file target15.pdb (PDB, C-alpha atoms)
ATOM      1  CA  MET A   1       0.000   0.000   0.000
ATOM      2  CA  ALA A   2       1.380   3.400  -0.991
ATOM      3  CA  LYS A   3       2.233   5.874   1.742
ATOM      4  CA  PRO A   4      -0.318   8.717   1.931
ATOM      5  CA  ALA A   5       0.867  11.978   0.378
ATOM      6  CA  LEU A   6       1.840  14.635   2.926
ATOM      7  CA  GLU A   7       1.680  18.339   2.126
ATOM      8  CA  ALA A   8       2.042  21.491   4.218
ATOM      9  CA  VAL A   9       0.261  24.559   2.831
ATOM     10  CA  SER A  10       0.759  28.169   3.871
ATOM     11  CA  TRP A  11      -0.713  31.396   2.577
ATOM     12  CA  GLY A  12       2.763  32.575   1.733
ATOM     13  CA  TYR A  13       5.181  30.832  -0.563
ATOM     14  CA  ASP A  14       2.834  28.067  -1.757
ATOM     15  CA  TYR A  15      -0.378  30.034  -2.266
ATOM     16  CA  ARG A  16      -2.505  28.402  -4.964
ATOM     17  CA  GLU A  17      -5.099  30.703  -6.469
ATOM     18  CA  GLY A  18      -8.667  29.455  -6.584
ATOM     19  CA  GLU A  19      -8.111  25.966  -5.216
ATOM     20  CA  PHE A  20     -10.443  26.579  -2.286
ATOM     21  CA  SER A  21     -13.530  28.759  -1.952
ATOM     22  CA  GLY A  22     -12.845  32.464  -2.065
ATOM     23  CA  GLY A  23      -9.572  31.944  -3.889
ATOM     24  CA  ARG A  24      -7.667  31.317  -0.659
ATOM     25  CA  PRO A  25      -6.271  27.825   0.075
ATOM     26  CA  LYS A  26      -6.935  26.393   3.491
ATOM     27  CA  ARG A  27      -3.765  26.650   5.527
ATOM     28  CA  GLY A  28      -2.305  23.621   7.281
ATOM     29  CA  VAL A  29      -1.379  19.987   6.768
ATOM     30  CA  PHE A  30      -2.988  17.755   4.163
ATOM     31  CA  ILE A  31      -2.783  13.963   4.012
ATOM     32  CA  ASP A  32      -3.936  12.555   0.680
ATOM     33  CA  GLY A  33      -5.694  15.838   0.026
ATOM     34  CA  GLN A  34      -7.634  15.821   3.296
ATOM     35  CA  HIS A  35      -7.041  18.609   5.800
ATOM     36  CA  ALA A  36      -5.431  17.116   8.931
ATOM     37  CA  GLY A  37      -4.673  20.176  11.058
ATOM     38  CA  GLY A  38      -3.225  23.647  11.152
ATOM     39  CA  GLY A  39      -6.105  25.893  10.153
ATOM     40  CA  SER A  40      -6.342  27.796  13.430
ATOM     41  CA  ARG A  41      -4.846  31.214  14.010
ATOM     42  CA  GLY A  42      -1.548  31.474  15.836
ATOM     43  CA  ILE A  43       0.641  28.390  15.578
ATOM     44  CA  THR A  44      -0.251  24.722  15.107
ATOM     45  CA  VAL A  45       1.969  21.660  15.535
ATOM     46  CA  THR A  46       0.797  18.609  13.587
ATOM     47  CA  VAL A  47       2.616  15.306  14.142
ATOM     48  CA  VAL A  48       2.562  12.374  11.711
ATOM     49  CA  ASP A  49       4.204   8.972  11.987
ATOM     50  CA  ALA A  50       6.612   7.273   9.588
ATOM     51  CA  ASN A  51       3.674   6.239   7.377
ATOM     52  CA  ASN A  52       2.288   9.794   7.209
ATOM     53  CA  HIS A  53      -0.636   8.948   9.474
ATOM     54  CA  LYS A  54      -1.763  11.764  11.740
ATOM     55  CA  VAL A  55      -0.768  11.359  15.386
ATOM     56  CA  SER A  56      -1.882  14.704  16.800
ATOM     57  CA  ALA A  57      -2.587  18.341  15.972
ATOM     58  CA  GLN A  58      -2.433  21.043  18.635
ATOM     59  CA  SER A  59      -3.031  24.759  18.108
ATOM     60  CA  PHE A  60      -1.861  27.682  20.236
ATOM     61  CA  ASP A  61      -3.598  31.032  19.850
ATOM     62  CA  THR A  62      -0.828  33.615  20.202
ATOM     63  CA  TYR A  63      -3.115  36.608  19.676
ATOM     64  CA  GLY A  64      -3.131  38.520  22.957
ATOM     65  CA  ARG A  65      -2.331  35.385  24.975
ATOM     66  CA  GLN A  66       1.064  35.568  26.661
ATOM     67  CA  GLU A  67       0.540  32.095  28.106
ATOM     68  CA  ALA A  68       0.535  30.594  24.587
ATOM     69  CA  SER A  69       4.347  30.474  24.508
ATOM     70  CA  ALA A  70       4.549  28.461  27.729
ATOM     71  CA  GLU A  71       1.817  26.135  26.466
ATOM     72  CA  LEU A  72       3.720  25.594  23.218
ATOM     73  CA  VAL A  73       6.985  24.835  25.038
ATOM     74  CA  ALA A  74       5.232  22.330  27.315
ATOM     75  CA  HIS A  75       3.640  20.624  24.318
ATOM     76  CA  LEU A  76       6.879  20.375  22.343
ATOM     77  CA  ALA A  77       8.515  18.691  25.334
ATOM     78  CA  THR A  78       6.007  15.822  25.044
ATOM     79  CA  LEU A  79       6.727  14.985  21.405
ATOM     80  CA  ASN A  80       9.579  12.575  22.127
ATOM     81  CA  VAL A  81       8.437   9.680  24.298
ATOM     82  CA  THR A  82      11.767   7.877  23.905
ATOM     83  CA  GLN A  83      13.231   6.816  27.237
ATOM     84  CA  SER A  84      16.849   7.298  28.252
ATOM     85  CA  ARG A  85      19.076   4.344  27.417
ATOM     86  CA  VAL A  86      21.456   3.450  30.254
ATOM     87  CA  TYR A  87      24.372   1.316  29.086
ATOM     88  CA  GLN A  88      26.111   1.144  32.463
ATOM     89  CA  ASP A  89      25.311   2.326  35.967
ATOM     90  CA  ALA A  90      26.257   1.791  39.609
ATOM     91  CA  LYS A  91      24.076  -1.321  39.805
ATOM     92  CA  HIS A  92      25.422  -3.078  36.732
ATOM     93  CA  VAL A  93      28.709  -2.976  34.844
ATOM     94  CA  PRO A  94      28.277  -5.022  31.633
ATOM     95  CA  ALA A  95      31.742  -6.560  31.353
ATOM     96  CA  ASP A  96      30.600  -8.513  28.291
ATOM     97  CA  LYS A  97      29.975  -5.235  26.442
ATOM     98  CA  TRP A  98      33.479  -3.848  27.062
ATOM     99  CA  SER A  99      36.513  -4.677  24.944
ATOM    100  CA  LEU A 100      40.076  -3.558  24.274
ATOM    101  CA  TYR A 101      40.194  -2.004  20.833
ATOM    102  CA  ASP A 102      43.876  -1.096  21.200
ATOM    103  CA  ASN A 103      45.915  -3.628  23.184
ATOM    104  CA  ASP A 104      49.338  -2.390  22.114
ATOM    105  CA  PRO A 105      51.238  -2.515  24.398
ATOM    106  CA  THR A 106      49.700  -5.639  25.876
ATOM    107  CA  GLY A 107      48.696  -5.986  29.500
ATOM    108  CA  ALA A 108      45.819  -3.495  29.730
ATOM    109  CA  THR A 109      42.898  -4.588  31.921
ATOM    110  CA  MET A 110      39.222  -3.744  32.448
ATOM    111  CA  THR A 111      37.924  -4.689  35.903
ATOM    112  CA  PRO A 112      34.412  -4.199  37.340
ATOM    113  CA  THR A 113      35.001  -2.843  40.852
ATOM    114  CA  PHE A 114      32.947  -1.458  43.732
ATOM    115  CA  ASP A 115      33.934   2.173  44.349
ATOM    116  CA  ALA A 116      32.967   3.397  47.822
ATOM    117  CA  ASP A 117      33.210   7.079  46.870
ATOM    118  CA  TYR A 118      30.947   6.487  43.887
ATOM    119  CA  GLY A 119      28.581   4.292  45.861
ATOM    120  CA  GLY A 120      28.405   1.483  43.347
ATOM    121  CA  GLU A 121      30.044  -0.550  40.626
ATOM    122  CA  VAL A 122      32.380   1.055  38.093
ATOM    123  CA  MET A 123      34.669  -0.154  35.328
ATOM    124  CA  VAL A 124      38.341   0.383  36.188
ATOM    125  CA  LEU A 125      40.533   0.797  33.111
ATOM    126  CA  LYS A 126      44.257   0.241  33.590
ATOM    127  CA  GLY A 127      46.909   0.285  30.912
ATOM    128  CA  ASP A 128      49.737   2.281  29.380
ATOM    129  CA  LYS A 129      48.131   5.722  29.667
ATOM    130  CA  GLY A 130      46.634   6.860  26.358
ATOM    131  CA  ASN A 131      48.314   4.118  24.364
ATOM    132  CA  ASN A 132      45.569   1.620  25.185
ATOM    133  CA  GLY A 133      41.974   1.992  24.056
ATOM    134  CA  TYR A 134      38.792   0.677  25.700
ATOM    135  CA  ARG A 135      35.332   0.422  24.169
ATOM    136  CA  LEU A 136      31.768   0.092  25.476
ATOM    137  CA  ALA A 137      29.428  -1.067  22.721
ATOM    138  CA  ALA A 138      26.509  -3.383  21.999
ATOM    139  CA  ASP A 139      28.770  -6.406  22.510
ATOM    140  CA  SER A 140      32.418  -7.366  23.005
ATOM    141  CA  GLU A 141      32.939  -7.238  19.234
ATOM    142  CA  GLY A 142      32.211  -3.520  19.230
ATOM    143  CA  SER A 143      28.873  -3.692  17.415
ATOM    144  CA  SER A 144      26.950  -0.437  17.114
ATOM    145  CA  TRP A 145      24.219   0.581  19.548
ATOM    146  CA  GLN A 146      22.327   1.973  16.527
ATOM    147  CA  ASN A 147      20.725   4.515  18.873
ATOM    148  CA  SER A 148      18.822   6.902  16.617
ATOM    149  CA  ASP A 149      17.070   8.833  19.414
ATOM    150  CA  GLY A 150      19.762   9.643  21.977
ATOM    151  CA  ARG A 151      21.407  13.016  21.377
ATOM    152  CA  LEU A 152      22.593  13.834  24.896
ATOM    153  CA  ILE A 153      25.304  11.660  26.389
ATOM    154  CA  GLU A 154      26.125  11.521  30.073
ATOM    155  CA  TRP A 155      28.979   9.687  31.720
ATOM    156  CA  ASP A 156      30.652   9.612  35.144
ATOM    157  CA  MET A 157      34.440   9.499  35.267
ATOM    158  CA  LYS A 158      37.340   9.551  37.729
ATOM    159  CA  PHE A 159      40.801  10.007  36.214
ATOM    160  CA  SER A 160      44.143  11.331  37.404
ATOM    161  CA  GLU A 161      45.927  11.266  34.046
ATOM    162  CA  ASP A 162      45.257  12.497  30.537
ATOM    163  CA  ILE A 163      42.212  10.988  28.894
ATOM    164  CA  ARG A 164      40.406  11.122  25.588
ATOM    165  CA  VAL A 165      36.779  10.095  25.270
ATOM    166  CA  TYR A 166      35.338   9.339  21.842
ATOM    167  CA  VAL A 167      31.676   8.984  20.961
ATOM    168  CA  SER A 168      31.299   7.203  17.642
ATOM    169  CA  VAL A 169      28.383   8.502  15.570
ATOM    170  CA  GLN A 170      27.072   7.968  12.067
ATOM    171  CA  THR A 171      26.128  11.186  10.302
ATOM    172  CA  GLU A 172      24.656  12.257   6.990
ATOM    173  CA  LYS A 173      28.239  12.838   5.810
ATOM    174  CA  GLY A 174      29.708   9.616   7.129
ATOM    175  CA  HIS A 175      31.294   8.410  10.342
ATOM    176  CA  ARG A 176      32.519  10.877  12.977
ATOM    177  CA  TYR A 177      34.245  10.639  16.357
ATOM    178  CA  LEU A 178      33.110  13.330  18.774
ATOM    179  CA  THR A 179      36.328  13.604  20.768
ATOM    180  CA  TYR A 180      36.526  15.083  24.270
ATOM    181  CA  HIS A 181      39.691  16.371  25.968
ATOM    182  CA  PRO A 182      40.182  17.338  29.658
ATOM    183  CA  LYS A 183      40.883  20.997  28.948
ATOM    184  CA  THR A 184      39.367  24.148  27.518
ATOM    185  CA  MET A 185      39.725  24.413  23.758
ATOM    186  CA  THR A 186      38.116  25.792  20.631
ATOM    187  CA  PRO A 187      36.033  23.135  18.840
ATOM    188  CA  SER A 188      37.646  21.894  15.635
ATOM    189  CA  LEU A 189      37.281  19.213  12.977
ATOM    190  CA  LYS A 190      40.443  17.330  12.008
ATOM    191  CA  ASP A 191      41.059  14.697   9.363
ATOM    192  CA  GLU A 192      37.397  15.076   8.313
ATOM    193  CA  GLU A 193      36.349  12.614  11.038
ATOM    194  CA  TYR A 194      37.425  13.814  14.498
ATOM    195  CA  ALA A 195      35.399  16.634  16.077
ATOM    196  CA  HIS A 196      37.433  17.893  19.043
ATOM    197  CA  HIS A 197      35.917  19.539  22.127
ATOM    198  CA  GLY A 198      37.126  20.426  25.611
ATOM    199  CA  ILE A 199      35.374  19.313  28.809
ATOM    200  CA  GLY A 200      37.462  21.346  31.265
ATOM    201  CA  LYS A 201      39.901  20.313  33.978
ATOM    202  CA  VAL A 202      38.501  16.985  35.128
ATOM    203  CA  ILE A 203      41.601  14.824  35.736
ATOM    204  CA  ASP A 204      41.955  15.526  39.458
ATOM    205  CA  GLY A 205      41.192  12.073  40.858
ATOM    206  CA  GLN A 206      37.610  13.077  41.730
ATOM    207  CA  TRP A 207      34.317  11.897  40.277
ATOM    208  CA  HIS A 208      32.830  14.130  37.588
ATOM    209  CA  THR A 209      29.598  13.844  35.625
ATOM    210  CA  ILE A 210      29.983  14.959  32.018
ATOM    211  CA  ARG A 211      26.961  15.760  29.869
ATOM    212  CA  ARG A 212      27.300  16.694  26.219
ATOM    213  CA  ASP A 213      24.803  17.576  23.523
ATOM    214  CA  LEU A 214      26.128  15.460  20.660
ATOM    215  CA  ALA A 215      24.030  17.197  18.014
ATOM    216  CA  ALA A 216      25.256  20.615  19.144
ATOM    217  CA  ASP A 217      28.864  19.426  19.307
ATOM    218  CA  LEU A 218      28.678  18.162  15.735
ATOM    219  CA  LYS A 219      26.954  21.340  14.547
ATOM    220  CA  ALA A 220      29.700  23.453  16.155
ATOM    221  CA  VAL A 221      32.214  22.090  13.638
ATOM    222  CA  GLU A 222      29.890  21.007  10.799
ATOM    223  CA  PRO A 223      26.788  23.216  10.756
ATOM    224  CA  ASP A 224      25.359  21.419   7.723
ATOM    225  CA  ASN A 225      25.716  17.897   9.120
ATOM    226  CA  ARG A 226      23.345  15.813  11.261
ATOM    227  CA  ILE A 227      23.659  12.696  13.442
ATOM    228  CA  LEU A 228      21.763   9.627  12.253
ATOM    229  CA  HIS A 229      22.632   7.327  15.149
ATOM    230  CA  VAL A 230      25.113   6.824  17.986
ATOM    231  CA  ASN A 231      27.365   3.775  17.812
ATOM    232  CA  ARG A 232      29.633   3.342  20.841
ATOM    233  CA  PHE A 233      31.673   4.934  23.672
ATOM    234  CA  LEU A 234      35.483   4.742  23.657
ATOM    235  CA  VAL A 235      38.203   5.796  26.101
ATOM    236  CA  ARG A 236      41.974   6.210  26.017
ATOM    237  CA  GLY A 237      43.602   6.542  29.445
ATOM    238  CA  SER A 238      43.607   4.784  32.817
ATOM    239  CA  GLY A 239      40.874   5.529  35.333
ATOM    240  CA  SER A 240      37.288   4.666  36.248
ATOM    241  CA  ILE A 241      34.028   4.963  34.320
ATOM    242  CA  GLY A 242      30.668   4.928  36.098
ATOM    243  CA  LYS A 243      27.305   5.546  34.486
ATOM    244  CA  VAL A 244      27.086   5.851  30.698
ATOM    245  CA  ALA A 245      23.718   6.839  29.228
ATOM    246  CA  LEU A 246      22.127   8.365  26.137
ATOM    247  CA  LEU A 247      19.128  10.654  26.511
ATOM    248  CA  PRO A 248      16.830  12.265  23.942
ATOM    249  CA  ALA A 249      17.456  15.976  23.495
ATOM    250  CA  PRO A 250      14.770  18.388  24.708
ATOM    251  CA  TYR A 251      12.099  18.977  22.038
ATOM    252  CA  GLN A 252      13.658  16.377  19.751
ATOM    253  CA  ILE A 253      11.059  14.682  17.579
ATOM    254  CA  GLN A 254      10.808  10.942  18.109
ATOM    255  CA  SER A 255      12.719   9.008  15.469
ATOM    256  CA  GLY A 256      10.589   8.279  12.398
ATOM    257  CA  PHE A 257       8.006  10.967  13.178
ATOM    258  CA  LYS A 258       7.551  14.395  11.573
ATOM    259  CA  ALA A 259       6.282  17.604  13.132
ATOM    260  CA  ILE A 260       4.816  20.239  10.820
ATOM    261  CA  VAL A 261       4.492  23.762  12.189
ATOM    262  CA  THR A 262       1.933  25.979  10.460
ATOM    263  CA  THR A 263       1.479  29.608  11.378
ATOM    264  CA  SER A 264      -0.698  32.632  10.822
ATOM    265  CA  ASP A 265      -0.072  36.360  10.622
ATOM    266  CA  ALA A 266       2.759  37.862  12.718
ATOM    267  CA  TRP A 267       3.069  34.703  14.818
ATOM    268  CA  ARG A 268       6.814  34.880  15.475
ATOM    269  CA  ARG A 269       6.941  38.216  17.244
ATOM    270  CA  ARG A 270       4.244  36.988  19.624
ATOM    271  CA  LEU A 271       6.342  34.028  20.810
ATOM    272  CA  SER A 272       8.739  34.207  23.744
ATOM    273  CA  SER A 273      12.457  33.629  23.207
ATOM    274  CA  GLU A 274      12.084  30.298  25.033
ATOM    275  CA  ALA A 275       9.370  29.161  22.625
ATOM    276  CA  GLN A 276      11.440  30.197  19.615
ATOM    277  CA  ALA A 277      14.447  28.329  21.046
ATOM    278  CA  ALA A 278      12.285  25.215  21.468
ATOM    279  CA  LEU A 279      11.275  25.385  17.807
ATOM    280  CA  VAL A 280      14.929  25.703  16.805
ATOM    281  CA  ALA A 281      15.811  22.687  18.974
ATOM    282  CA  MET A 282      12.994  20.764  17.307
ATOM    283  CA  GLY A 283      14.648  21.253  13.934
ATOM    284  CA  ILE A 284      13.418  24.596  12.617
ATOM    285  CA  ASN A 285      16.631  26.548  12.339
ATOM    286  CA  GLN A 286      17.089  30.123  13.493
ATOM    287  CA  ASP A 287      17.606  31.420   9.953
ATOM    288  CA  THR A 288      14.238  29.996   8.969
ATOM    289  CA  LEU A 289      12.558  31.676  11.919
ATOM    290  CA  GLU A 290      14.149  35.033  11.207
ATOM    291  CA  SER A 291      13.278  34.997   7.505
ATOM    292  CA  ALA A 292       9.805  33.517   7.920
ATOM    293  CA  GLU A 293       6.911  34.912   5.993
ATOM    294  CA  PHE A 294       3.958  36.052   8.066
ATOM    295  CA  ARG A 295       2.064  32.921   7.132
ATOM    296  CA  SER A 296       4.365  29.954   6.753
ATOM    297  CA  ALA A 297       4.716  26.204   7.084
ATOM    298  CA  PHE A 298       7.814  24.384   8.290
ATOM    299  CA  MET A 299       8.664  20.746   8.808
ATOM    300  CA  ALA A 300      11.014  19.424  11.509
TER     301      ALA A 300
END

call {"tool": "encode", "arguments": {"input": "target15.pdb", "output": "structure tokens"}}
result
Amino acid sequence: MAKPALEAVSWGYDYREGEFSGGRPKRGVFIDGQHAGGGSRGITVTVVDANNHKVSAQSFDTYGRQEASAELVAHLATLNVTQSRVYQDAKHVPADKWSLYDNDPTGATMTPTFDADYGGEVMVLKGDKGNNGYRLAADSEGSSWQNSDGRLIEWDMKFSEDIRVYVSVQTEKGHRYLTYHPKTMTPSLKDEEYAHHGIGKVIDGQWHTIRRDLAADLKAVEPDNRILHVNRFLVRGSGSIGKVALLPAPYQIQSGFKAIVTTSDAWRRRLSSEAQAALVAMGINQDTLESAEFRSAFMA
């Protein structure tokens, strides 16, 4: 069965004379020619699934209603129902998912250990400083997690020597390593594959929780690139790793779904900066917002 046709219609750039009564097309989202949502004034968010079937349509009247921005932000936060994916925590260290990807020189070890300061189990990595590499993946062979929803990564670490953490991701332009160093530095892309970022001074022998927005870190060095899925977590250096988890980014649309935003006259200047930021995080970029026609339709 063919997928239903999806179309977003505005009164701006895709005005079609005479198609509807009065010469003005009905604004909003159409599925196989049937209006599915987005005809109300203000701003409407219509969500469809991977098969272009309508999931929901919610309108927010921004005309003289300051509370509309807060309502929109709250609604956008509900659009991704994906749960966080915890790959390791204080209750369980999956030794069968860890492996040595660089065992030269030989002798490096990975040992699940109870850490009293941490209050739970951790993986202790011990080798020849940054010359050995350790990997947490879907299995001991290093298979990809294929996580297409997680865009925030969080890990706990305790190190007293130099460390490099790599997050392997697949992007629209190929494979990338988001690479994190224990210092302050300007983000840079090297060898077309390694995106370097600093995480500050964190090699003091104390526990630190690091949280990074992977999508933002990629965009900082490749603004026109996008993450498709997250593969694995890699470390060079000796120390301890606690929790490792991937979380969906705020306002991120659930994988496989589409959100279509349709608007009416002068909608943007009636939205708070927080609401506009939420739309940008959802996938409508700032340039699009700033150059928007009064009546427009955007897809995230």

call {"tool": "atom_distance", "arguments": {"input": "target15.pdb", "atom1": "CA of Pro250 in chain A", "atom2": "CA of Ala77 in chain A"}}
result
6.3 Å

call {"tool": "resolve_selection", "arguments": {"input": "target15.pdb", "expression": "the PyMOL selection byres ((chain A and resi 234) around 9)", "output": "PDB file with C-alpha atoms, in the frame of the given file"}}
result
ATOM      1  CA  TYR A 101      40.194  -2.004  20.833  1.00  0.00           C
ATOM      2  CA  GLY A 133      41.974   1.992  24.056  1.00  0.00           C
ATOM      3  CA  TYR A 134      38.792   0.677  25.700  1.00  0.00           C
ATOM      4  CA  ARG A 135      35.332   0.422  24.169  1.00  0.00           C
ATOM      5  CA  LEU A 136      31.768   0.092  25.476  1.00  0.00           C
ATOM      6  CA  ALA A 137      29.428  -1.067  22.721  1.00  0.00           C
ATOM      7  CA  ARG A 164      40.406  11.122  25.588  1.00  0.00           C
ATOM      8  CA  VAL A 165      36.779  10.095  25.270  1.00  0.00           C
ATOM      9  CA  TYR A 166      35.338   9.339  21.842  1.00  0.00           C
ATOM     10  CA  VAL A 167      31.676   8.984  20.961  1.00  0.00           C
ATOM     11  CA  SER A 168      31.299   7.203  17.642  1.00  0.00           C
ATOM     12  CA  ARG A 232      29.633   3.342  20.841  1.00  0.00           C
ATOM     13  CA  PHE A 233      31.673   4.934  23.672  1.00  0.00           C
ATOM     14  CA  VAL A 235      38.203   5.796  26.101  1.00  0.00           C
ATOM     15  CA  ARG A 236      41.974   6.210  26.017  1.00  0.00           C
TER      16      ARG A 236
END

call {"tool": "resolve_selection", "arguments": {"input": "target15.pdb", "expression": "the PyMOL selection byres ((chain A and resi 108) around 9)", "output": "JSON, numbers by chain"}}
result
{"A": [100, 103, 104, 105, 106, 107, 109, 110, 125, 126, 127, 128, 132, 133]}

call {"tool": "write_last_selection", "arguments": {"input": "target15.pdb", "atoms": "C-alpha atoms", "output": "short mmCIF file (atom, residue, chain, number, x, y, z; two decimals), in the frame of the given file"}}
result
data_model
loop_
_atom_site.label_atom_id
_atom_site.label_comp_id
_atom_site.auth_asym_id
_atom_site.auth_seq_id
_atom_site.Cartn_x
_atom_site.Cartn_y
_atom_site.Cartn_z
CA LEU A 100 40.08 -3.56 24.27
CA ASN A 103 45.92 -3.63 23.18
CA ASP A 104 49.34 -2.39 22.11
CA PRO A 105 51.24 -2.52 24.40
CA THR A 106 49.70 -5.64 25.88
CA GLY A 107 48.70 -5.99 29.50
CA THR A 109 42.90 -4.59 31.92
CA MET A 110 39.22 -3.74 32.45
CA LEU A 125 40.53 0.80 33.11
CA LYS A 126 44.26 0.24 33.59
CA GLY A 127 46.91 0.28 30.91
CA ASP A 128 49.74 2.28 29.38
CA ASN A 132 45.57 1.62 25.18
CA GLY A 133 41.97 1.99 24.06
#

call {"tool": "atom_distance", "arguments": {"input": "target15.pdb", "atom1": "CA of Thr186 in chain A", "atom2": "CA of Ile153 in chain A"}}
result
19.9 Å

call {"tool": "resolve_selection", "arguments": {"input": "target15.pdb", "expression": "the PyMOL selection byres ((chain A and resi 259) around 9)", "output": "list in words"}}
result
Val45, Thr46, Val47, Val48, Asp49, Leu79, Ile253, Phe257, Lys258, Ile260, Val261, Met282, Phe298, Met299 and Ala300 of chain A

call {"tool": "atom_distance", "arguments": {"input": "target15.pdb", "atom1": "CA of Lys3 in chain A", "atom2": "CA of Gly38 in chain A"}}
result
20.8 Å

call {"tool": "residues_near_point", "arguments": {"input": "target15.pdb", "point": "(27.7, 1.0, 40.4)", "cutoff": "8 Å", "atoms": "only C-alpha atoms", "output": "ChimeraX atom specification"}}
result
/A:89-93,114-115,118-122,242-243

call {"tool": "residues_near_point", "arguments": {"input": "target15.pdb", "point": "(26.3, 12.3, 25.4)", "cutoff": "8 Å", "atoms": "all atoms listed in the file", "output": "number ranges by chain"}}
result
A: 150-155, 167, 211-214, 245-247

call {"tool": "residues_around", "arguments": {"input": "target15.pdb", "residues": "Phe30 in chain A", "least_positions_apart": "2", "cutoff": "10 Å", "atoms": "only C-alpha atoms", "output": "ChimeraX atom specification"}}
result
/A:4-9,26-28,32-38,54

call {"tool": "decode", "arguments": {"input": "target15.pdb", "residues": "range 202-207 of chain A", "atoms": "all heavy atoms", "output": "PDB file, in the first residue's frame"}}
result
ATOM      1  N   VAL A 202      39.232  18.040  34.416  1.00  0.00           N
ATOM      2  CA  VAL A 202      38.501  16.985  35.128  1.00  0.00           C
ATOM      3  C   VAL A 202      39.391  15.786  35.465  1.00  0.00           C
ATOM      4  O   VAL A 202      38.878  14.716  35.797  1.00  0.00           O
ATOM      5  CB  VAL A 202      37.285  16.517  34.299  1.00  0.00           C
ATOM      6  CG1 VAL A 202      36.239  17.607  34.216  1.00  0.00           C
ATOM      7  CG2 VAL A 202      37.714  16.076  32.897  1.00  0.00           C
ATOM      8  N   ILE A 203      40.707  15.947  35.413  1.00  0.00           N
ATOM      9  CA  ILE A 203      41.601  14.824  35.736  1.00  0.00           C
ATOM     10  C   ILE A 203      42.300  15.107  37.069  1.00  0.00           C
ATOM     11  O   ILE A 203      43.519  15.222  37.154  1.00  0.00           O
ATOM     12  CB  ILE A 203      42.610  14.550  34.597  1.00  0.00           C
ATOM     13  CG1 ILE A 203      43.297  15.835  34.123  1.00  0.00           C
ATOM     14  CG2 ILE A 203      41.910  13.879  33.429  1.00  0.00           C
ATOM     15  CD1 ILE A 203      44.412  15.575  33.100  1.00  0.00           C
ATOM     16  N   ASP A 204      41.465  15.194  38.122  1.00  0.00           N
ATOM     17  CA  ASP A 204      41.955  15.526  39.458  1.00  0.00           C
ATOM     18  C   ASP A 204      41.734  14.398  40.457  1.00  0.00           C
ATOM     19  O   ASP A 204      41.830  14.599  41.670  1.00  0.00           O
ATOM     20  CB  ASP A 204      41.265  16.791  39.963  1.00  0.00           C
ATOM     21  CG  ASP A 204      39.738  16.682  39.926  1.00  0.00           C
ATOM     22  OD1 ASP A 204      39.220  15.592  39.595  1.00  0.00           O
ATOM     23  OD2 ASP A 204      39.064  17.688  40.219  1.00  0.00           O
ATOM     24  N   GLY A 205      41.413  13.201  39.971  1.00  0.00           N
ATOM     25  CA  GLY A 205      41.192  12.073  40.858  1.00  0.00           C
ATOM     26  C   GLY A 205      39.844  12.088  41.562  1.00  0.00           C
ATOM     27  O   GLY A 205      39.608  11.270  42.456  1.00  0.00           O
ATOM     28  N   GLN A 206      38.952  12.986  41.151  1.00  0.00           N
ATOM     29  CA  GLN A 206      37.610  13.077  41.730  1.00  0.00           C
ATOM     30  C   GLN A 206      36.573  12.637  40.696  1.00  0.00           C
ATOM     31  O   GLN A 206      36.831  12.637  39.491  1.00  0.00           O
ATOM     32  CB  GLN A 206      37.316  14.519  42.166  1.00  0.00           C
ATOM     33  CG  GLN A 206      38.318  15.093  43.149  1.00  0.00           C
ATOM     34  CD  GLN A 206      38.341  14.340  44.461  1.00  0.00           C
ATOM     35  OE1 GLN A 206      37.294  14.029  45.033  1.00  0.00           O
ATOM     36  NE2 GLN A 206      39.541  14.024  44.943  1.00  0.00           N
ATOM     37  N   TRP A 207      35.390  12.278  41.189  1.00  0.00           N
ATOM     38  CA  TRP A 207      34.317  11.897  40.277  1.00  0.00           C
ATOM     39  C   TRP A 207      33.691  13.138  39.636  1.00  0.00           C
ATOM     40  O   TRP A 207      33.436  14.135  40.308  1.00  0.00           O
ATOM     41  CB  TRP A 207      33.239  11.099  41.010  1.00  0.00           C
ATOM     42  CG  TRP A 207      33.611   9.657  41.173  1.00  0.00           C
ATOM     43  CD1 TRP A 207      34.065   9.048  42.299  1.00  0.00           C
ATOM     44  CD2 TRP A 207      33.580   8.663  40.144  1.00  0.00           C
ATOM     45  NE1 TRP A 207      34.329   7.722  42.046  1.00  0.00           N
ATOM     46  CE2 TRP A 207      34.032   7.460  40.729  1.00  0.00           C
ATOM     47  CE3 TRP A 207      33.224   8.656  38.800  1.00  0.00           C
ATOM     48  CZ2 TRP A 207      34.133   6.271  40.013  1.00  0.00           C
ATOM     49  CZ3 TRP A 207      33.321   7.479  38.075  1.00  0.00           C
ATOM     50  CH2 TRP A 207      33.774   6.307  38.678  1.00  0.00           C
TER      51      TRP A 207
END
